[in-house]
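Contents: one structure, followed by commentary.
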Amino acid sequence: GTGNLDQKITVTTGDELESLAGQFNQMAAHLKESYTGLEQKVEERTRELTEALEQQTATSEILRVISSSPTNVQPVLDAVIESSVRLCRAKIGGLFTIDENYCRVVAQFGSSPELFDHLKNHPILLSDQGALASRAVAARHAVQIEDSLTDPSYGRRDIQQVGGYRSLLGVPILREGVPIGVMSLSRTEVRAFSDKEIKLVTSFADQAAIAIENVRLFNEIQETSRQLEIAGKHKS
């Protein structure tokens, strides 16, 4: 059976036996403390291993989608934003690409139809530094807002009212250091994103950049081949 480390031995004989009982009680207390610490370490390690497995699985799935979709970036962007939301225990995720002077939403996960429509109909100006997406693009690194309701620098109350979120994270999608998009994650409660979560989303943003670049290069090659074919027909 298992020993009960909470049970103490009470001896009041005033002799060596009482001294031994006191030593035993001290040992039992130390054992209990060590056992509790061991349990916590096991739980923490189990949680870390579970998270690592989830991340590895998500990364493998994204790489699979990239390899199976050389001409279509949309499945990759959908997989990237969904994995980011799930693994960071966020509520809403949006992926934006830069089109001239705007950030335009191209993928989402967890958004209400109202929020997605609002973002589609009101693209974010890159010059709007009240918007998290624009700030992340300008900074070229992750930017977060712990509480969008109380942060005076956050200026997109229109989006917040539709989305109902509080904490926000924006991570730029970079190609050779140049922003080509941004990923945005949000939570409906006030809870900052950890360094580990920011690092994870940054790695997913890198994968999104690779997928976008692969499709761009593929389309460029296809267009060049088409033009060469037309030119060849004209010569003949």
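Ligands are numbered from 1 in the order shown, residues from 1 within each chain, and chains are lettered A, B, ... in the order they appear in the structure tokens.
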Nearby residues (only C-alpha atoms) at most 8 Å from A:His118, same-chain spacing under 3 positions excluded, as a list in words
Glu114, Leu115, Asn121, His122, Ile159 and Val162 of chain A
As an MDAnalysis selection string, list the residues of stretch 39-194 of chain A assigned to alpha helix (DSSP H) by DSSP on the backbone atoms of this structure.
chainID A and resid 39:68 74:87 113:121 132:139 157:163
Quick one: contact table of stretch 172-224 of chain A to stretch 50-67 of chain A, 8 Å max, nearest atom pair and distance in Å to one decimal per residue, counting only C-alpha atoms, chain and number order, as a tab-separated table?
residue	atom	partner	partner_atom	distance
A:Phe204	CA	A:Thr59	CA	7.9
A:Gln207	CA	A:Ile62	CA	7.9
A:Ala211	CA	A:Ile66	CA	6.1
Please produce a file of those selected residues containing all heavy atoms, as a PDB file, in the first residue's frame.
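The resulting file, result-v9.pdb, is reproduced below:
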ATOM      1  N   PHE A 204       5.357  30.024 -37.626  1.00  0.00           N
ATOM      2  CA  PHE A 204       4.257  29.783 -38.568  1.00  0.00           C
ATOM      3  C   PHE A 204       4.207  30.893 -39.629  1.00  0.00           C
ATOM      4  O   PHE A 204       3.887  30.634 -40.791  1.00  0.00           O
ATOM      5  CB  PHE A 204       2.925  29.699 -37.830  1.00  0.00           C
ATOM      6  CG  PHE A 204       2.712  28.393 -37.109  1.00  0.00           C
ATOM      7  CD1 PHE A 204       1.918  28.318 -35.981  1.00  0.00           C
ATOM      8  CD2 PHE A 204       3.299  27.223 -37.560  1.00  0.00           C
ATOM      9  CE1 PHE A 204       1.710  27.117 -35.317  1.00  0.00           C
ATOM     10  CE2 PHE A 204       3.102  26.018 -36.911  1.00  0.00           C
ATOM     11  CZ  PHE A 204       2.308  25.961 -35.783  1.00  0.00           C
ATOM     12  N   GLN A 207       6.590  30.088 -42.268  1.00  0.00           N
ATOM     13  CA  GLN A 207       6.074  29.065 -43.183  1.00  0.00           C
ATOM     14  C   GLN A 207       5.074  29.669 -44.169  1.00  0.00           C
ATOM     15  O   GLN A 207       5.035  29.290 -45.342  1.00  0.00           O
ATOM     16  CB  GLN A 207       5.440  27.932 -42.384  1.00  0.00           C
ATOM     17  CG  GLN A 207       6.462  27.121 -41.602  1.00  0.00           C
ATOM     18  CD  GLN A 207       5.832  26.046 -40.741  1.00  0.00           C
ATOM     19  OE1 GLN A 207       4.692  26.170 -40.314  1.00  0.00           O
ATOM     20  NE2 GLN A 207       6.579  24.995 -40.467  1.00  0.00           N
ATOM     21  N   ALA A 211       5.285  29.688 -48.318  1.00  0.00           N
ATOM     22  CA  ALA A 211       4.188  29.258 -49.187  1.00  0.00           C
ATOM     23  C   ALA A 211       3.806  30.359 -50.177  1.00  0.00           C
ATOM     24  O   ALA A 211       3.595  30.094 -51.373  1.00  0.00           O
ATOM     25  CB  ALA A 211       2.982  28.879 -48.338  1.00  0.00           C
TER      26      ALA A 211
END
Using DSSP on the backbone, list every residue of stretch 105-152 of chain A that comes out as strand (DSSP E), and give them as a PyMOL selection string.
chain A and resi 105-109+124-125+143-145
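When only C-alpha atoms are used to compute distances to A:Arg135, the closest of the residues A:Gly155, A:Ala28, A:Asp195, A:Glu213 turns out to be A:Gly155.
Proximity ranking of A:Glu82, A:Asp147, A:Glu229, A:Asp206 relative to A:Glu189 places A:Asp147 first, based on only C-alpha atoms.
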List the neighbours of A:Val137 out to 7 Å using only C-alpha atoms; skip same-chain residues closer than 6 positions along the sequence, and give me the result as a short mmCIF file (atom, residue, chain, number, x, y, z; two decimals) with N, CA and C atoms, in the first residue's frame.
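Output contents, as saved in result-v7.cif:
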data_model
loop_
_atom_site.label_atom_id
_atom_site.label_comp_id
_atom_site.auth_asym_id
_atom_site.auth_seq_id
_atom_site.Cartn_x
_atom_site.Cartn_y
_atom_site.Cartn_z
N PRO A 172 4.39 39.98 -38.01
CA PRO A 172 4.54 40.22 -39.45
C PRO A 172 5.00 38.97 -40.19
N PRO A 179 8.12 43.08 -45.11
CA PRO A 179 6.78 42.60 -44.76
C PRO A 179 5.92 42.36 -46.00
N VAL A 182 0.71 39.92 -42.38
CA VAL A 182 0.73 39.92 -40.91
C VAL A 182 -0.30 38.93 -40.39
#
Please list as number ranges by chain every residue within 8 Å of A:Ala133, counting only C-alpha atoms and excluding residues in the same chain fewer than 4 positions away.
A: 103, 124, 126, 137, 170-172, 182-184
Would you save the residues from that selection as an mmCIF file, in the first residue's frame, using N, CA, C and O atoms?
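Result saved to result.cif:
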data_model
loop_
_atom_site.group_PDB
_atom_site.id
_atom_site.type_symbol
_atom_site.label_atom_id
_atom_site.label_comp_id
_atom_site.auth_asym_id
_atom_site.auth_seq_id
_atom_site.Cartn_x
_atom_site.Cartn_y
_atom_site.Cartn_z
ATOM 1 N N CYS A 103 -3.610 46.349 -45.573
ATOM 2 C CA CYS A 103 -3.575 44.963 -45.107
ATOM 3 C C CYS A 103 -4.964 44.391 -45.346
ATOM 4 O O CYS A 103 -5.945 44.880 -44.768
ATOM 5 N N ILE A 124 -7.282 47.445 -43.657
ATOM 6 C CA ILE A 124 -6.522 48.284 -42.731
ATOM 7 C C ILE A 124 -5.425 49.038 -43.478
ATOM 8 O O ILE A 124 -4.591 48.432 -44.161
ATOM 9 N N LEU A 126 -2.005 50.777 -44.037
ATOM 10 C CA LEU A 126 -0.674 50.594 -43.454
ATOM 11 C C LEU A 126 -0.253 51.819 -42.636
ATOM 12 O O LEU A 126 0.536 51.699 -41.699
ATOM 13 N N VAL A 137 3.573 45.483 -38.902
ATOM 14 C CA VAL A 137 4.249 45.611 -40.192
ATOM 15 C C VAL A 137 5.346 46.662 -40.101
ATOM 16 O O VAL A 137 6.473 46.458 -40.576
ATOM 17 N N GLY A 170 0.136 40.661 -32.876
ATOM 18 C CA GLY A 170 0.373 40.808 -34.304
ATOM 19 C C GLY A 170 1.789 40.390 -34.647
ATOM 20 O O GLY A 170 2.746 40.844 -34.007
ATOM 21 N N VAL A 171 1.934 39.511 -35.642
ATOM 22 C CA VAL A 171 3.261 39.017 -36.063
ATOM 23 C C VAL A 171 3.393 39.220 -37.566
ATOM 24 O O VAL A 171 2.582 38.688 -38.340
ATOM 25 N N PRO A 172 4.394 39.980 -38.012
ATOM 26 C CA PRO A 172 4.538 40.217 -39.450
ATOM 27 C C PRO A 172 5.003 38.975 -40.192
ATOM 28 O O PRO A 172 5.724 38.144 -39.633
ATOM 29 N N VAL A 182 0.706 39.920 -42.380
ATOM 30 C CA VAL A 182 0.733 39.918 -40.911
ATOM 31 C C VAL A 182 -0.302 38.931 -40.389
ATOM 32 O O VAL A 182 -1.350 38.731 -41.006
ATOM 33 N N MET A 183 0.035 38.284 -39.280
ATOM 34 C CA MET A 183 -0.894 37.388 -38.606
ATOM 35 C C MET A 183 -1.351 38.047 -37.315
ATOM 36 O O MET A 183 -0.550 38.630 -36.583
ATOM 37 N N SER A 184 -2.654 37.961 -37.043
ATOM 38 C CA SER A 184 -3.217 38.584 -35.844
ATOM 39 C C SER A 184 -3.981 37.533 -35.040
ATOM 40 O O SER A 184 -4.818 36.822 -35.583
#
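Taking only C-alpha atoms, the non-local environment of A:Arg156 within 9 Å (same-chain residues fewer than 6 positions away omitted) comprises Gly130, Ala131, Leu132 and Ser148 of chain A.
Using only C-alpha atoms, the smallest distance between any of A:Ala138, A:Asn101, A:Ile210, A:Ala107 and A:Asp78 comes from A:Ala107.
Between A:Ile98 and the residues A:Gln222, A:Gln40, A:Gln144, A:Ser134, the shortest atom-to-atom distance, using only C-alpha atoms, involves A:Ser134.
Among the candidates A:Leu169, A:Gln161, A:Phe24, A:Ser153, the residue lying nearest to A:Glu197 is A:Leu169 (atoms considered: only C-alpha atoms).
Using only C-alpha atoms, the shortest contact distance between A:Ser83 and any of A:Gln108, A:Ser194, A:Gln23, A:Ser225 is found at A:Gln108.
Computed from the coordinates, the atom CA of A:Leu228 to atom CA of A:Ile180 distance equals 28.9 Å.
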